[in-house]
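K.L.:
Below you'll find input12.tsv; it's TSV, C-alpha atoms.
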chain	number	residue	atom	x	y	z
A	162	MET	CA	30.74	-5.65	-52.40
A	163	ALA	CA	30.30	-9.44	-52.74
A	164	ASN	CA	30.09	-12.09	-50.05
A	165	GLY	CA	31.54	-15.64	-50.22
A	166	SER	CA	28.82	-16.90	-52.56
A	167	GLY	CA	29.49	-14.21	-55.15
A	168	ARG	CA	26.29	-12.32	-54.41
A	169	PRO	CA	26.46	-8.61	-53.54
A	170	LYS	CA	26.29	-7.95	-49.81
A	171	PRO	CA	22.99	-6.17	-48.99
A	172	ALA	CA	23.22	-2.64	-47.68
A	173	PRO	CA	22.26	-2.19	-44.02
A	174	ALA	CA	18.64	-1.27	-43.40
A	175	VAL	CA	19.72	1.79	-41.44
A	176	TRP	CA	22.98	3.73	-41.51
A	177	TYR	CA	24.65	7.06	-40.94
A	178	ARG	CA	27.97	8.66	-41.77
A	179	THR	CA	29.67	11.86	-40.71
A	180	GLU	CA	31.41	14.66	-42.60
A	181	GLN	CA	33.42	17.61	-41.35
A	182	ASN	CA	33.38	21.04	-43.00
A	183	GLU	CA	35.27	23.77	-41.14
A	184	ASP	CA	33.17	24.46	-38.01
A	185	THR	CA	30.21	22.30	-39.14
A	186	PHE	CA	29.74	18.66	-38.26
A	187	ARG	CA	27.43	16.93	-40.75
A	188	LEU	CA	25.50	13.84	-39.72
A	189	ILE	CA	24.08	12.16	-42.82
A	190	VAL	CA	21.39	9.61	-42.02
A	191	GLY	CA	19.84	7.13	-44.43
A	192	GLY	CA	17.96	3.88	-44.81
A	193	PHE	CA	14.94	2.81	-42.82
A	194	TRP	CA	14.54	4.80	-39.60
A	195	ILE	CA	11.58	2.82	-38.35
A	196	ILE	CA	10.45	1.04	-35.19
A	197	SER	CA	11.95	-2.33	-36.14
A	198	GLU	CA	15.40	-0.70	-36.21
A	199	ALA	CA	14.87	1.26	-33.00
A	200	ARG	CA	17.26	-0.76	-30.82
A	201	ARG	CA	20.09	-0.49	-33.34
A	202	LEU	CA	19.33	3.21	-33.99
A	203	ASP	CA	19.42	3.99	-30.30
A	204	PHE	CA	22.91	2.46	-30.04
A	205	LEU	CA	24.12	4.31	-33.14
A	206	VAL	CA	22.96	7.81	-32.28
A	207	LYS	CA	24.24	7.62	-28.72
A	208	ALA	CA	27.75	7.02	-30.07
A	209	ILE	CA	27.83	10.38	-31.90
A	210	GLN	CA	30.33	12.79	-30.30
A	211	PRO	CA	30.94	15.94	-32.46
A	212	LYS	CA	33.75	17.32	-30.33
A	213	GLY	CA	35.58	20.44	-31.57
A	214	PHE	CA	32.59	21.81	-33.53
A	215	THR	CA	30.02	24.48	-32.79
A	216	ARG	CA	27.43	23.67	-35.47
A	217	VAL	CA	25.80	20.36	-36.36
A	218	GLU	CA	23.67	19.57	-39.39
A	219	ILE	CA	21.54	16.43	-39.57
A	220	ASP	CA	21.05	15.70	-43.28
A	221	CYS	CA	17.93	13.62	-43.91
A	222	ALA	CA	18.07	13.53	-47.74
A	223	ALA	CA	19.04	9.83	-47.85
A	224	LEU	CA	16.18	8.63	-45.66
A	225	GLU	CA	14.11	5.99	-47.45
A	226	ARG	CA	11.51	5.46	-44.72
A	227	LEU	CA	10.69	7.31	-41.53
A	228	ASP	CA	8.06	6.59	-38.88
A	229	THR	CA	7.23	8.16	-35.52
A	230	VAL	CA	9.94	6.25	-33.63
A	231	GLY	CA	12.62	7.18	-36.16
A	232	ALA	CA	11.57	10.82	-36.13
A	233	TRP	CA	11.62	10.87	-32.35
A	234	LEU	CA	15.16	9.42	-32.33
A	235	LEU	CA	16.31	12.13	-34.74
A	236	LEU	CA	14.76	14.86	-32.63
A	237	ARG	CA	16.09	13.34	-29.40
A	238	THR	CA	19.58	13.39	-30.91
A	239	LYS	CA	19.05	17.02	-31.90
A	240	ARG	CA	17.93	18.03	-28.40
A	241	GLU	CA	20.71	16.16	-26.66
A	242	LEU	CA	23.27	17.92	-28.84
A	243	GLN	CA	21.59	21.27	-28.18
A	244	HIS	CA	21.66	20.49	-24.48
A	245	HIS	CA	25.46	20.20	-24.75
A	246	GLY	CA	25.75	23.61	-26.44
A	247	PHE	CA	25.73	22.76	-30.17
A	248	ASP	CA	23.76	24.68	-32.79
A	249	VAL	CA	21.79	21.85	-34.46
A	250	GLN	CA	19.66	21.97	-37.60
A	251	LEU	CA	17.65	19.30	-39.44
A	252	VAL	CA	18.16	19.82	-43.20
A	253	ASN	CA	16.90	18.24	-46.40
A	254	VAL	CA	13.84	16.66	-44.78
A	255	ARG	CA	11.66	15.21	-47.53
A	256	GLU	CA	8.24	16.76	-48.07
A	257	GLU	CA	6.28	13.71	-46.93
A	258	TYR	CA	8.12	13.60	-43.60
A	259	ARG	CA	8.04	17.31	-42.71
A	260	ALA	CA	4.61	17.21	-41.06
A	261	LEU	CA	5.63	14.25	-38.87
A	262	VAL	CA	8.90	15.90	-37.78
A	263	HIS	CA	7.17	19.22	-37.19
A	264	THR	CA	4.43	17.61	-35.04
A	265	ILE	CA	6.87	15.73	-32.82
A	266	ASP	CA	9.23	18.70	-32.58
A	267	HIS	CA	6.48	21.06	-31.37
A	268	ASP	CA	4.35	18.67	-29.28
A	269	CYS	CA	7.22	17.07	-27.35
A	270	THR	CA	9.14	20.02	-25.94
A	271	ALA	CA	10.28	18.39	-22.69
A	272	PRO	CA	14.04	18.50	-22.05
A	273	PRO	CA	15.97	15.26	-22.44
A	274	ALA	CA	15.43	12.97	-19.51
A	275	GLY	CA	18.40	12.26	-17.32
A	276	LEU	CA	19.09	9.66	-14.69
A	277	PRO	CA	18.58	10.86	-11.14
A	278	PRO	CA	21.74	11.15	-9.09
A	279	PRO	CA	22.54	8.04	-7.05
A	280	HIS	CA	21.45	8.05	-3.43
A	281	THR	CA	24.32	8.59	-1.04
A	282	PHE	CA	24.64	7.32	2.51
A	283	ALA	CA	23.79	10.81	3.77
A	284	ASP	CA	20.58	10.79	1.68
A	285	ARG	CA	19.53	7.49	3.25
A	286	LEU	CA	20.25	8.80	6.73
A	287	GLU	CA	18.21	11.90	5.96
A	288	ARG	CA	15.30	9.76	4.75
A	289	ILE	CA	15.43	7.65	7.92
A	290	GLY	CA	15.54	10.81	10.02
A	291	ARG	CA	12.54	12.29	8.23
A	292	GLY	CA	10.60	9.07	8.75
A	293	LEU	CA	11.46	9.03	12.45
A	294	VAL	CA	10.42	12.67	12.90
A	295	HIS	CA	7.15	11.96	11.07
A	296	ALA	CA	6.49	8.93	13.30
A	297	LEU	CA	7.13	10.97	16.44
A	298	TYR	CA	4.82	13.68	15.12
A	299	GLN	CA	2.10	11.06	14.56
A	300	VAL	CA	2.54	9.75	18.13
A	301	TYR	CA	2.35	13.30	19.49
A	302	GLY	CA	-0.80	14.00	17.48
A	303	LEU	CA	-2.46	10.76	18.60
A	304	ILE	CA	-1.71	11.55	22.26
A	305	GLY	CA	-3.25	14.98	21.85
A	306	PHE	CA	-6.28	13.50	20.11
A	307	PHE	CA	-6.60	10.94	22.91
A	308	GLY	CA	-6.77	13.80	25.41
A	309	LEU	CA	-9.49	15.51	23.38
A	310	VAL	CA	-11.52	12.29	23.16
A	311	ALA	CA	-11.11	11.68	26.90
A	312	ASP	CA	-12.37	15.20	27.64
A	313	GLU	CA	-15.41	14.76	25.39
A	314	THR	CA	-16.09	11.32	26.89
A	315	ALA	CA	-16.09	12.75	30.40
A	316	ALA	CA	-18.57	15.43	29.29
A	317	VAL	CA	-20.89	12.78	27.80
A	318	ILE	CA	-20.67	10.64	30.95
A	319	LEU	CA	-21.67	13.63	33.05
A	320	ASN	CA	-24.54	14.33	30.67
A	321	PRO	CA	-25.62	10.99	29.11
A	322	ARG	CA	-28.34	12.65	27.02
A	323	ARG	CA	-25.57	14.01	24.79
A	324	LEU	CA	-24.77	10.47	23.63
A	325	ARG	CA	-26.16	9.89	20.14
A	326	VAL	CA	-27.81	6.51	20.59
A	327	ALA	CA	-28.97	6.13	16.97
A	328	ALA	CA	-25.43	6.70	15.67
A	329	LEU	CA	-24.08	4.26	18.27
A	330	PHE	CA	-26.42	1.44	17.19
A	331	HIS	CA	-25.66	2.18	13.55
A	332	GLN	CA	-21.94	1.68	14.25
A	333	ILE	CA	-22.68	-1.51	16.18
A	334	GLU	CA	-24.60	-2.87	13.20
A	335	ASP	CA	-22.07	-1.77	10.61
A	336	GLY	CA	-18.92	-2.74	12.50
A	337	GLY	CA	-20.32	-5.80	14.28
A	338	LEU	CA	-23.19	-7.58	12.58
A	339	ASN	CA	-21.95	-6.88	9.05
A	340	ALA	CA	-18.48	-8.17	9.96
A	341	LEU	CA	-19.71	-11.59	11.18
A	342	PRO	CA	-19.38	-13.45	7.84
A	343	ILE	CA	-15.78	-12.45	7.08
A	344	VAL	CA	-14.64	-12.81	10.71
A	345	GLY	CA	-16.28	-16.23	10.98
A	346	LEU	CA	-14.81	-17.51	7.72
A	347	LEU	CA	-11.26	-16.35	8.43
A	348	SER	CA	-11.34	-17.62	12.02
A	349	PHE	CA	-12.64	-21.01	10.88
A	350	LEU	CA	-9.79	-21.28	8.36
A	351	ILE	CA	-7.23	-20.20	10.96
A	352	GLY	CA	-8.50	-22.97	13.25
A	353	VAL	CA	-8.19	-25.47	10.40
A	354	VAL	CA	-4.62	-24.38	9.62
A	355	VAL	CA	-3.47	-24.43	13.26
A	356	ALA	CA	-4.97	-27.89	13.82
A	357	TYR	CA	-3.50	-29.30	10.62
A	358	GLN	CA	0.00	-27.94	11.23
A	359	GLY	CA	-0.08	-28.93	14.90
A	360	ALA	CA	-1.25	-32.45	14.11
A	361	ASP	CA	1.45	-32.84	11.47
A	362	GLN	CA	4.18	-31.98	13.98
A	363	LEU	CA	2.82	-33.65	17.13
A	364	ARG	CA	2.08	-36.89	15.30
A	365	GLN	CA	5.84	-37.47	15.01
A	366	PHE	CA	6.05	-37.75	18.82
A	367	GLY	CA	2.86	-39.76	19.29
A	368	ILE	CA	1.08	-36.98	21.17
A	369	ASP	CA	-1.23	-35.79	18.44
A	370	VAL	CA	-4.11	-35.65	20.94
A	371	PHE	CA	-2.48	-32.49	22.31
A	372	THR	CA	-3.38	-30.79	19.04
A	373	VAL	CA	-6.61	-29.89	20.83
A	374	ASN	CA	-4.62	-28.09	23.53
A	375	LEU	CA	-2.62	-26.23	20.87
A	376	VAL	CA	-5.76	-25.10	19.08
A	377	ALA	CA	-7.52	-24.07	22.28
A	378	VAL	CA	-4.67	-22.03	23.77
A	379	GLY	CA	-3.61	-20.51	20.45
A	380	ILE	CA	-7.10	-19.46	19.42
A	381	LEU	CA	-8.42	-18.29	22.78
A	382	ARG	CA	-5.34	-16.39	23.96
A	383	GLU	CA	-4.03	-14.88	20.71
A	384	LEU	CA	-5.30	-15.77	17.27
A	385	GLY	CA	-9.05	-15.31	17.76
A	386	GLY	CA	-8.81	-11.79	19.15
A	387	MET	CA	-6.01	-10.83	16.77
A	388	MET	CA	-7.94	-12.00	13.73
A	389	ALA	CA	-11.06	-10.12	14.80
A	390	ALA	CA	-9.03	-6.96	15.46
A	391	ILE	CA	-7.25	-7.08	12.10
A	392	VAL	CA	-10.52	-7.57	10.21
A	393	VAL	CA	-12.13	-4.70	12.12
A	394	ALA	CA	-9.10	-2.49	11.44
A	395	ALA	CA	-9.34	-3.25	7.74
A	396	ARG	CA	-13.12	-2.72	7.61
A	397	SER	CA	-14.09	-0.18	10.24
A	398	GLY	CA	-10.78	1.66	10.65
A	399	SER	CA	-10.55	2.35	6.94
A	400	ALA	CA	-14.25	3.26	6.81
A	401	PHE	CA	-13.84	5.78	9.64
A	402	ALA	CA	-10.93	7.49	7.90
A	403	ALA	CA	-12.66	7.51	4.50
A	404	GLN	CA	-16.02	8.74	5.82
A	405	ILE	CA	-14.67	11.55	7.97
A	406	GLY	CA	-12.08	12.46	5.34
A	407	THR	CA	-14.74	12.72	2.64
A	408	MET	CA	-16.82	14.92	4.92
A	409	LYS	CA	-13.81	17.19	5.36
A	410	VAL	CA	-13.21	17.36	1.59
A	411	ASN	CA	-16.88	18.27	1.10
A	412	GLN	CA	-16.59	20.96	3.83
A	413	GLU	CA	-19.22	19.23	5.98
A	414	LEU	CA	-16.92	19.41	9.02
A	415	ASP	CA	-16.63	23.17	8.52
A	416	ALA	CA	-20.41	23.41	8.53
A	417	LEU	CA	-20.61	21.46	11.81
A	418	GLN	CA	-18.01	23.67	13.46
A	419	ILE	CA	-19.68	26.86	12.28
A	420	SER	CA	-22.96	25.56	13.77
A	421	GLY	CA	-21.22	25.11	17.13
A	422	ILE	CA	-21.45	21.30	17.04
A	423	SER	CA	-18.48	19.30	18.35
A	424	THR	CA	-17.13	17.04	15.61
A	425	THR	CA	-15.59	14.79	18.24
A	426	GLU	CA	-18.94	14.28	19.99
A	427	VAL	CA	-20.87	13.75	16.76
A	428	LEU	CA	-18.40	11.74	14.67
A	429	VAL	CA	-15.78	10.21	16.93
A	430	LEU	CA	-17.50	9.08	20.13
A	431	PRO	CA	-20.26	6.99	18.46
A	432	ARG	CA	-17.66	5.22	16.36
A	433	LEU	CA	-15.36	4.54	19.29
A	434	SER	CA	-18.21	3.40	21.52
A	435	GLY	CA	-19.61	1.14	18.82
A	436	LEU	CA	-16.24	-0.58	18.32
A	437	ILE	CA	-15.65	-0.99	22.05
A	438	VAL	CA	-19.02	-2.74	22.34
A	439	THR	CA	-18.74	-4.94	19.24
A	440	LEU	CA	-15.08	-6.08	19.21
A	441	PRO	CA	-15.33	-8.20	22.42
A	442	LEU	CA	-18.43	-9.87	20.96
A	443	LEU	CA	-16.64	-10.40	17.65
A	444	THR	CA	-13.66	-11.82	19.53
A	445	PHE	CA	-15.91	-14.35	21.28
A	446	TYR	CA	-17.47	-15.26	17.94
A	447	SER	CA	-14.03	-15.54	16.35
A	448	ASN	CA	-12.87	-17.84	19.15
A	449	MET	CA	-15.85	-20.14	18.70
A	450	MET	CA	-15.41	-20.33	14.92
A	451	GLY	CA	-11.67	-20.97	15.30
A	452	LEU	CA	-12.34	-23.82	17.75
A	453	PHE	CA	-14.97	-25.20	15.41
A	454	GLY	CA	-12.49	-25.19	12.53
A	455	GLY	CA	-9.92	-26.95	14.71
A	456	MET	CA	-12.51	-29.52	15.75
A	457	VAL	CA	-13.42	-30.27	12.14
A	458	MET	CA	-9.77	-30.73	11.16
A	459	CYS	CA	-9.04	-32.91	14.22
A	460	TYR	CA	-12.00	-35.12	13.31
A	461	PHE	CA	-10.83	-35.70	9.73
A	462	ALA	CA	-7.05	-35.63	10.26
A	463	LEU	CA	-6.74	-37.38	13.65
A	464	SER	CA	-10.10	-39.19	13.95
A	465	ILE	CA	-10.75	-37.38	17.24
A	466	THR	CA	-14.48	-37.54	17.85
A	467	ILE	CA	-16.45	-34.48	18.86
A	468	PRO	CA	-17.03	-35.70	22.48
A	469	ALA	CA	-13.31	-36.48	22.81
A	470	PHE	CA	-12.39	-33.07	21.42
A	471	LEU	CA	-14.73	-31.29	23.84
A	472	GLU	CA	-13.38	-33.29	26.79
A	473	GLN	CA	-9.77	-32.48	25.90
A	474	LEU	CA	-10.79	-28.86	25.30
A	475	ARG	CA	-12.35	-28.63	28.76
A	476	ALA	CA	-9.15	-29.95	30.32
A	477	SER	CA	-6.92	-27.51	28.39
A	478	VAL	CA	-8.95	-24.33	29.04
A	479	ILE	CA	-7.97	-23.42	32.59
A	480	ASP	CA	-7.93	-20.25	34.68
A	481	TRP	CA	-7.50	-17.19	32.45
A	482	THR	CA	-7.18	-18.93	29.08
A	483	PHE	CA	-10.67	-17.92	27.98
A	484	TRP	CA	-10.63	-14.39	29.40
A	485	VAL	CA	-7.20	-13.26	28.16
A	486	GLY	CA	-8.39	-12.70	24.60
A	487	LEU	CA	-11.56	-10.91	25.68
A	488	ILE	CA	-9.72	-8.55	28.06
A	489	LYS	CA	-7.57	-7.25	25.18
A	490	ALA	CA	-10.50	-6.67	22.81
A	491	PRO	CA	-11.74	-3.29	24.17
A	492	VAL	CA	-8.19	-1.91	24.09
A	493	PHE	CA	-7.78	-3.05	20.47
A	494	ALA	CA	-11.13	-1.48	19.61
A	495	PHE	CA	-10.14	1.84	21.18
A	496	ILE	CA	-6.84	1.88	19.25
A	497	ILE	CA	-8.52	1.11	15.92
A	498	GLY	CA	-11.25	3.72	16.38
A	499	LEU	CA	-8.82	6.37	17.62
A	500	VAL	CA	-6.41	5.93	14.70
A	501	GLY	CA	-9.17	5.77	12.08
A	502	CYS	CA	-10.90	8.94	13.29
A	503	TYR	CA	-7.59	10.79	13.75
A	504	GLN	CA	-6.50	10.07	10.18
A	505	GLY	CA	-9.92	11.05	8.84
A	506	LEU	CA	-9.84	14.41	10.62
A	507	HIS	CA	-6.36	15.16	9.21
A	508	VAL	CA	-7.28	14.57	5.57
A	509	GLU	CA	-6.43	17.47	3.28
A	510	ARG	CA	-8.92	18.81	0.77
A	511	SER	CA	-8.19	16.37	-2.05
A	512	ALA	CA	-9.32	12.91	-3.11
A	513	ALA	CA	-5.73	11.63	-3.13
A	514	SER	CA	-5.37	12.63	0.52
A	515	VAL	CA	-8.46	10.59	1.44
A	516	GLY	CA	-6.91	7.46	-0.05
A	517	SER	CA	-3.51	8.14	1.54
A	518	HIS	CA	-4.90	8.68	5.04
A	519	THR	CA	-7.24	5.69	4.72
A	520	THR	CA	-4.29	3.44	3.91
A	521	ARG	CA	-2.28	5.00	6.73
A	522	ALA	CA	-5.15	4.39	9.17
A	523	VAL	CA	-5.23	0.66	8.40
A	524	VAL	CA	-1.45	0.23	8.57
A	525	GLU	CA	-1.04	2.21	11.78
A	526	ALA	CA	-4.01	0.53	13.47
A	527	ILE	CA	-2.74	-2.98	12.70
A	528	PHE	CA	0.79	-2.04	13.83
A	529	LEU	CA	-0.45	-0.58	17.11
A	530	VAL	CA	-2.75	-3.55	17.74
A	531	ILE	CA	0.15	-5.97	17.32
A	532	ALA	CA	2.36	-3.78	19.55
A	533	ALA	CA	-0.38	-3.69	22.20
A	534	ASP	CA	-0.78	-7.47	21.96
A	535	ALA	CA	2.95	-7.88	22.54
A	536	ALA	CA	2.73	-5.59	25.57
A	537	PHE	CA	-0.20	-7.63	26.93
A	538	SER	CA	1.78	-10.85	26.44
A	539	VAL	CA	4.67	-9.45	28.51
A	540	LEU	CA	2.28	-8.15	31.16
A	541	PHE	CA	0.41	-11.46	31.45
A	542	SER	CA	3.70	-13.31	31.65
A	543	VAL	CA	4.90	-11.08	34.49
A	544	LEU	CA	1.57	-11.54	36.31
A	545	GLY	CA	1.64	-15.29	35.73
A	546	ILE	CA	-1.63	-15.30	33.82
Hey, can you dump this file as structure tokens for me?
P.N.:
Amino acid sequence: MANGSGRPKPAPAVWYRTEQNEDTFRLIVGGFWIISEARRLDFLVKAIQPKGFTRVEIDCAALERLDTVGAWLLLRTKRELQHHGFDVQLVNVREEYRALVHTIDHDCTAPPAGLPPPHTFADRLERIGRGLVHALYQVYGLIGFFGLVADETAAVILNPRRLRVAALFHQIEDGGLNALPIVGLLSFLIGVVVAYQGADQLRQFGIDVFTVNLVAVGILRELGGMMAAIVVAARSGSAFAAQIGTMKVNQELDALQISGISTTEVLVLPRLSGLIVTLPLLTFYSNMMGLFGGMVMCYFALSITIPAFLEQLRASVIDWTFWVGLIKAPVFAFIIGLVGCYQGLHVERSAASVGSHTTRAVVEAIFLVIAADAAFSVLFSVLGI
């Protein structure tokens, strides 16, 4: 066949044709069944519909080139036809391609992949219901664990010698002293951001000096304690879940229980006590670093001198402003420690479970801390604090 210029039209790089012989449907393939033709091949073979036949032959005699992708497409076509009830045979495969076809045919024996059925409205409702039931189960488990911890705490109070002082100071060092750099840096940056954004808005009304009030109230009442709690949840909460979970995977918890030692007394109480001691101190440190960051930004953005900043700060910090953030800190610490230890004790005996419960400990702790902060805000508003 010639084109408009008189030159013969080149044959397509890949092709197929079909023949019908009584009950046999013959698919004759030819050309270059290689990776560069894969997109076109995929479209071609999917269009094959040998309806009305029981037997299909795929004749490969006219193949000029065949690579792994082409062989896989041939075998995928064969398996899809077999999946629909046809008796399919590959015939006339050239000697140099038989090893390739044989390897793919015997090493890739998985059935043809199909699209999953679309999710119905009932499926989504079922998923929501399962999530709700799981959340309620988690709440029920945490309440039960809280009762166990309260019982063990009462026993330690009645007999203080049972308190493991060395473990307590280790948790104070690990969860408090080692967290100072990251808490200080983040709180400083939060103070800078709050001061910059506040100054940018208040400058429009000519009251940019009240940026100091915004920084003081925002940091002391909410942001300082919240930032410290989130950092502790990410550091200590995840560490509690991972450490206790790893001990469970290694059967160390079983050894403690067999020895008659309370895992709650040995593992949970020192961690909880350490957090309850350190988080108020970290909150105070976070507040100071946040105010320092706000002071630096006010000096450069608003030209408010340090004495002027401190004077405006003294006027804005009244009554309970300073103490509100510190009062919430022990509650946040108890929530973080409780969730982290609970998730660690419920790890299954696999490494994947350790990672899953560690992630869950961080997410649940941060969620509960924010929920508790919202509850405190409502309570303080009702009390007029």
K.L.:
List as a VMD selection string the protein and nucleic acid residues near Gln504 (chain A), meaning an atom at most 12 Å away when only C-alpha atoms are counted, but skip any in the same chain fewer than 3 places from it.
P.N.:
chain A and resid 299 302 to 303 306 398 to 407 409 429 497 to 501 507 to 509 514 to 526
K.L.:
I need the residue nearest Ile219 (chain A) from this list: A:Val344, A:Leu251, A:Ile265, A:Ile318. Use only C-alpha atoms for the distance.
P.N.:
A:Leu251
K.L.:
Compare A:Met450, A:Leu224, A:Pro468, A:Thr425 by their minimum atom-to-atom distance to Asp312 (chain A), counting all atoms listed in the file, and give me the closest one.
P.N.:
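Closest to Asp312 (chain A) of all the choices is A:Thr425.
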K.L.:
Could you name the residues that touch Ile195 (chain A) at 6 Å or less, counting only C-alpha atoms, but leaving out those on the same chain fewer than 3 positions away, as a tab-separated table (two decimals) with C-alpha atoms, in the coordinates of the input?
P.N.:
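around-v5.tsv was written with the following content:
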chain	number	residue	atom	x	y	z
A	198	GLU	CA	15.40	-0.70	-36.21
A	227	LEU	CA	10.69	7.31	-41.53
A	228	ASP	CA	8.06	6.59	-38.88
A	231	GLY	CA	12.62	7.18	-36.16
K.L.:
By how many Å are CA of Val300 (chain A) and CA of Phe537 (chain A) apart?
P.N.:
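Distance reported for this atom pair: 19.7 Å.
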